[in-house]
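Q: To be precise about what I am sending: the file is called entry.txt and holds compact mmCIF, C-alpha atoms.
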# COMPACT_ATOMS: atom_id res chain seq x y z
CA MET A 1 184.60 87.74 99.13
CA LEU A 2 185.04 84.27 100.60
CA GLY A 3 181.90 83.15 98.80
CA THR A 4 183.61 83.62 95.44
CA LEU A 5 186.89 81.96 96.45
CA PRO A 6 185.88 78.38 95.49
CA LEU A 7 184.62 79.72 92.14
CA ALA A 8 187.89 81.53 91.43
CA LEU A 9 189.86 78.44 92.43
CA GLY A 10 187.74 76.41 90.03
CA ILE A 11 188.92 78.63 87.18
CA LEU A 12 192.49 78.57 88.46
CA ALA A 13 192.54 74.76 88.61
CA SER A 14 191.61 74.34 84.96
CA PRO A 15 194.53 74.00 82.51
CA ILE A 16 192.47 75.62 79.76
CA ALA A 17 194.47 78.87 79.99
CA ILE A 18 197.87 77.83 81.32
CA ILE A 19 198.69 75.43 78.47
CA PRO A 20 198.00 78.04 75.74
CA ALA A 21 199.96 80.61 77.76
CA ILE A 22 202.98 78.30 77.94
CA LEU A 23 202.76 77.48 74.24
CA LEU A 24 202.69 81.18 73.40
CA LEU A 25 205.77 81.72 75.58
CA LEU A 26 207.56 79.04 73.59
CA GLY A 27 206.79 80.80 70.30
CA PRO A 28 208.70 83.46 68.34
CA ARG A 29 206.93 86.42 70.03
CA PRO A 30 206.53 85.19 73.58
CA THR A 31 206.01 88.40 75.56
CA SER A 32 203.66 90.27 73.24
CA THR A 33 201.46 87.27 72.47
CA CYS A 34 201.20 86.07 76.08
CA VAL A 35 200.43 89.59 77.36
CA ALA A 36 197.74 89.91 74.70
CA PHE A 37 196.37 86.51 75.69
CA LEU A 38 196.35 87.61 79.35
CA PHE A 39 194.35 90.73 78.51
CA GLY A 40 191.91 88.69 76.45
CA TRP A 41 191.51 86.03 79.14
CA SER A 42 191.09 88.54 81.98
CA GLY A 43 188.82 90.70 79.82
CA GLY A 44 186.52 87.77 79.14
CA LEU A 45 186.34 86.96 82.84
CA ALA A 46 185.66 90.61 83.62
CA VAL A 47 182.85 90.99 81.09
CA VAL A 48 180.92 87.91 82.20
CA THR A 49 181.44 88.49 85.93
CA GLY A 50 180.78 92.24 85.67
CA ALA A 51 177.54 91.66 83.75
CA ALA A 52 176.35 89.29 86.49
CA ILE A 53 177.22 91.85 89.19
CA LEU A 54 175.31 94.60 87.39
CA PHE A 55 172.32 92.30 86.95
CA ALA A 56 172.36 91.37 90.65
CA ASP A 57 172.66 95.04 91.65
CA SER A 58 169.67 95.94 89.51
CA ILE A 59 167.37 93.43 91.23
CA ASP A 60 168.77 93.57 94.75
CA ALA A 61 165.99 94.70 97.05
CA GLY A 62 168.16 94.71 100.16
CA THR A 63 166.37 91.75 101.71
CA GLY A 64 169.34 89.45 102.02
CA THR A 65 170.32 86.48 99.90
CA PRO A 66 167.32 85.43 97.77
CA THR A 67 166.23 81.83 97.51
CA TRP A 68 166.88 81.74 93.78
CA LEU A 69 170.56 82.49 94.35
CA SER A 70 170.83 79.49 96.67
CA TRP A 71 169.21 77.34 94.00
CA LEU A 72 171.58 78.80 91.43
CA ARG A 73 174.55 77.74 93.56
CA ILE A 74 173.10 74.27 93.86
CA SER A 75 172.51 74.12 90.10
CA VAL A 76 176.04 75.28 89.29
CA GLY A 77 177.40 72.76 91.80
CA VAL A 78 175.42 69.92 90.22
CA LEU A 79 176.53 70.95 86.73
CA LEU A 80 180.15 70.96 87.88
CA LEU A 81 179.75 67.51 89.39
CA VAL A 82 178.25 66.24 86.14
CA TYR A 83 181.06 67.93 84.18
CA GLY A 84 183.63 66.26 86.41
CA LEU A 85 181.99 62.86 85.97
CA VAL A 86 181.75 63.18 82.18
CA THR A 87 185.36 64.40 81.98
CA TRP A 88 186.53 61.42 84.03
CA LEU A 89 184.58 58.92 81.94
CA ARG A 90 186.03 60.41 78.73
CA ARG A 91 189.58 60.76 80.08
CA ASP A 92 190.95 58.11 77.70
CA ALA A 93 188.91 59.14 74.66
CA ALA A 94 191.38 61.72 73.37
CA THR A 95 194.93 60.63 72.69
CA GLU A 96 196.00 63.84 70.93
CA PRO A 97 195.92 67.51 72.02
CA PRO A 98 192.83 69.51 70.96
CA LYS A 99 192.96 70.83 67.40
CA TRP A 100 192.70 74.45 68.57
CA LEU A 101 196.15 74.09 70.18
CA THR A 102 197.71 73.34 66.79
CA GLY A 103 199.83 76.22 65.56
CA ILE A 104 199.14 78.33 68.63
CA THR A 105 202.80 79.30 68.97
CA GLU A 106 202.55 81.17 65.65
CA LEU A 107 199.61 83.37 66.65
CA ALA A 108 199.89 87.14 66.34
CA PRO A 109 199.10 89.19 69.48
CA ALA A 110 195.65 90.20 68.19
CA ARG A 111 194.67 86.57 67.60
CA ALA A 112 196.13 85.58 70.96
CA ALA A 113 193.85 88.16 72.59
CA VAL A 114 190.84 86.79 70.71
CA LEU A 115 191.78 83.28 71.83
CA GLY A 116 191.92 84.47 75.44
CA ILE A 117 188.48 86.04 75.18
CA GLY A 118 187.05 82.92 73.60
CA LEU A 119 188.48 80.55 76.20
CA SER A 120 187.12 82.62 79.08
CA ALA A 121 183.87 84.13 77.83
CA LEU A 122 182.70 81.19 75.71
CA ASN A 123 183.81 78.18 77.77
CA PRO A 124 180.70 76.79 79.54
CA LYS A 125 182.47 75.82 82.77
CA VAL A 126 184.25 79.16 83.10
CA VAL A 127 181.08 81.10 82.25
CA LEU A 128 179.10 79.21 84.90
CA LEU A 129 181.72 80.01 87.53
CA CYS A 130 181.90 83.67 86.52
CA LEU A 131 178.12 84.11 86.51
CA SER A 132 177.81 82.48 89.92
CA ALA A 133 180.63 84.64 91.30
CA GLY A 134 179.14 87.84 89.87
CA LEU A 135 175.71 87.11 91.30
CA THR A 136 177.25 86.23 94.66
CA ILE A 137 179.15 89.53 94.74
CA GLY A 138 176.19 91.58 93.56
CA MET A 139 173.74 90.04 96.06
CA ALA A 140 176.06 90.27 99.06
CA GLY A 141 174.64 93.63 100.13
CA THR A 142 178.06 95.30 100.30
CA THR A 143 179.14 98.78 99.20
CA ALA A 144 180.28 99.59 95.67
CA GLY A 145 183.88 99.73 96.89
CA GLN A 146 183.65 96.31 98.51
CA GLU A 147 182.08 94.91 95.36
CA MET A 148 184.97 96.27 93.31
CA VAL A 149 187.53 94.72 95.65
CA ALA A 150 185.79 91.34 95.47
CA PHE A 151 185.52 91.65 91.68
CA LEU A 152 189.22 92.48 91.24
CA LEU A 153 190.27 89.72 93.63
CA PHE A 154 188.21 87.20 91.67
CA LEU A 155 189.82 88.34 88.41
CA LEU A 156 193.29 88.18 89.93
CA ILE A 157 192.88 84.61 91.16
CA GLY A 158 191.25 83.58 87.89
CA SER A 159 194.19 85.04 85.93
CA VAL A 160 196.98 83.51 88.03
CA GLU A 161 197.35 80.55 85.67
CA VAL A 162 198.43 82.98 82.95
CA LEU A 163 200.29 85.39 85.22
CA LEU A 164 202.56 82.69 86.71
CA PRO A 165 204.14 81.39 83.48
CA LEU A 166 204.34 84.93 82.08
CA GLY A 167 206.03 86.15 85.27
CA ALA A 168 208.45 83.23 85.23
CA PHE A 169 209.40 84.01 81.63
CA LEU A 170 209.84 87.73 82.29
CA VAL A 171 212.10 87.00 85.28
CA ALA A 172 214.11 84.07 83.91
CA GLY A 173 213.90 84.59 80.14
CA ASP A 174 215.04 81.61 78.07
CA ARG A 175 216.03 79.77 81.25
CA ALA A 176 212.31 79.33 81.93
CA THR A 177 211.80 77.40 78.68
CA ALA A 178 212.74 73.95 79.99
CA PRO A 179 210.66 74.24 83.22
CA LEU A 180 207.67 75.56 81.23
CA GLN A 181 207.91 72.61 78.85
CA ARG A 182 207.96 70.22 81.80
CA VAL A 183 204.91 71.91 83.31
CA LYS A 184 203.10 71.71 79.97
CA ALA A 185 203.91 68.02 79.61
CA TRP A 186 202.77 67.30 83.17
CA LEU A 187 199.50 69.17 82.66
CA GLN A 188 198.81 67.34 79.42
CA ASP A 189 199.34 64.03 81.22
CA ASN A 190 197.61 64.86 84.52
CA GLY A 191 195.45 67.90 83.84
CA THR A 192 192.27 65.86 83.52
CA LYS A 193 192.74 64.27 86.95
CA VAL A 194 193.38 67.67 88.54
CA VAL A 195 190.33 69.20 86.90
CA VAL A 196 188.06 66.33 87.92
CA VAL A 197 189.14 66.41 91.58
CA VAL A 198 188.95 70.20 91.93
CA VAL A 199 185.68 70.56 90.02
CA ALA A 200 184.09 67.78 92.08
CA VAL A 201 185.17 69.38 95.37
CA ILE A 202 183.99 72.85 94.34
CA GLY A 203 180.72 71.46 92.99
CA LEU A 204 180.09 69.66 96.27
CA VAL A 205 180.89 72.83 98.26
CA LEU A 206 178.46 74.87 96.17
CA VAL A 207 175.69 72.30 96.58
CA ILE A 208 176.20 72.15 100.36
CA ASN A 209 176.41 75.95 100.78
CA GLY A 210 173.38 76.49 98.57
CA ALA A 211 171.35 73.91 100.50
CA ARG A 212 172.32 75.43 103.85
CA ALA A 213 171.13 78.87 102.70
CA LEU A 214 167.64 77.65 101.79
The structure in this file should be written as structure tokens.
A:
Amino acid sequence: MLGTLPLALGILASPIAIIPAILLLLGPRPTSTCVAFLFGWSGGLAVVTGAAILFADSIDAGTGTPTWLSWLRISVGVLLLVYGLVTWLRRDAATEPPKWLTGITELAPARAAVLGIGLSALNPKVVLLCLSAGLTIGMAGTTAGQEMVAFLLFLLIGSVEVLLPLGAFLVAGDRATAPLQRVKAWLQDNGTKVVVVVVAVIGLVLVINGARAL
């Protein structure tokens, strides 16, 4: 389980889901659209991670962690480091929010769910983290029950960035609007720095752990 923790934290640290979740909560149908987005986001994570677990289970010969998995961790770590570097170098390139955020507050629940699936199952960084986590879980040599616990824990941590604003809105209602707007503004101003630091640290951890296992 601990082997997937840095990967789950890498998903959690990215503002790719929390900003859309907050925007949906500021729209005319906050609860239904954000819940739909949560199901889409978590479902995308589950599909990619679950497919990797099933693949790992199908080739696991019970001989311990294979060399290729160590190299995969190193590769994912290097890709994350490169992603962090490119993101940092391009931090001043965009002065406006991404186009896909335009009009997000007006989305219907079904489209919010599709957006959640797309952001989780089609985002390269998230997919890399999910695949690595699924393979790590599937090759750990644990029981089916332990695999399920690790899988659900990974999904829970990866979904916290949607669960937190949704929970705050359900508890506080309209009183949560101003704090959510402040969080959104802060993430738009500082999200890139947070992503770069976290991705770089996680990438370095994966490279080191993968190299040690060789």
Q: Within 7 Å of A:Leu135, counting all atoms listed in the file, which residues show up once you throw out same-chain ones fewer than 6 positions away? Write them as a list in words, please.
A: Ala52, Ile53 and Ala56 of chain A
Q: Would you write out those residues with C-alpha atoms, as a JSON list (two decimals), keeping the file's coordinate frame?
A:
[["chain", "number", "residue", "atom", "x", "y", "z"],
["A", 52, "ALA", "CA", 176.35, 89.29, 86.49],
["A", 53, "ILE", "CA", 177.22, 91.85, 89.19],
["A", 56, "ALA", "CA", 172.36, 91.37, 90.65]]
Q: Which residue out of A:Leu153, A:Ala211, A:Leu24, A:Trp41 has the minimum interatomic distance to A:Leu119 when all atoms listed in the file are used?
A: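 Smallest distance to A:Leu119 is found for A:Trp41.
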Q: Quick one, how far is atom CA of A:Lys125 from atom CA of A:Ala168?
A: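 Separating atom CA of A:Lys125 from atom CA of A:Ala168 is a distance of 27.1 Å.
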Q: Quick one, how far is atom CA of A:Gly167 from atom CA of A:Gly145?
A: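 Atom CA of A:Gly167 sits 28.5 Å away from atom CA of A:Gly145.
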Q: Can you list, as a PDB file with C-alpha atoms, keeping the file's coordinate frame, every protein, DNA or RNA residue that comes within 6 Å of stretch 192-201 of chain A when you count only C-alpha atoms, leaving out same-chain residues fewer than 2 positions away?
A:
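This went into out_8.pdb:
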ATOM      1  CA  SER A  14     191.610  74.340  84.960  1.00  0.00           C
ATOM      2  CA  LEU A  80     180.150  70.960  87.880  1.00  0.00           C
ATOM      3  CA  LEU A  81     179.750  67.510  89.390  1.00  0.00           C
ATOM      4  CA  GLY A  84     183.630  66.260  86.410  1.00  0.00           C
ATOM      5  CA  ASN A 190     197.610  64.860  84.520  1.00  0.00           C
ATOM      6  CA  GLY A 203     180.720  71.460  92.990  1.00  0.00           C
ATOM      7  CA  LEU A 204     180.090  69.660  96.270  1.00  0.00           C
TER       8      LEU A 204
END
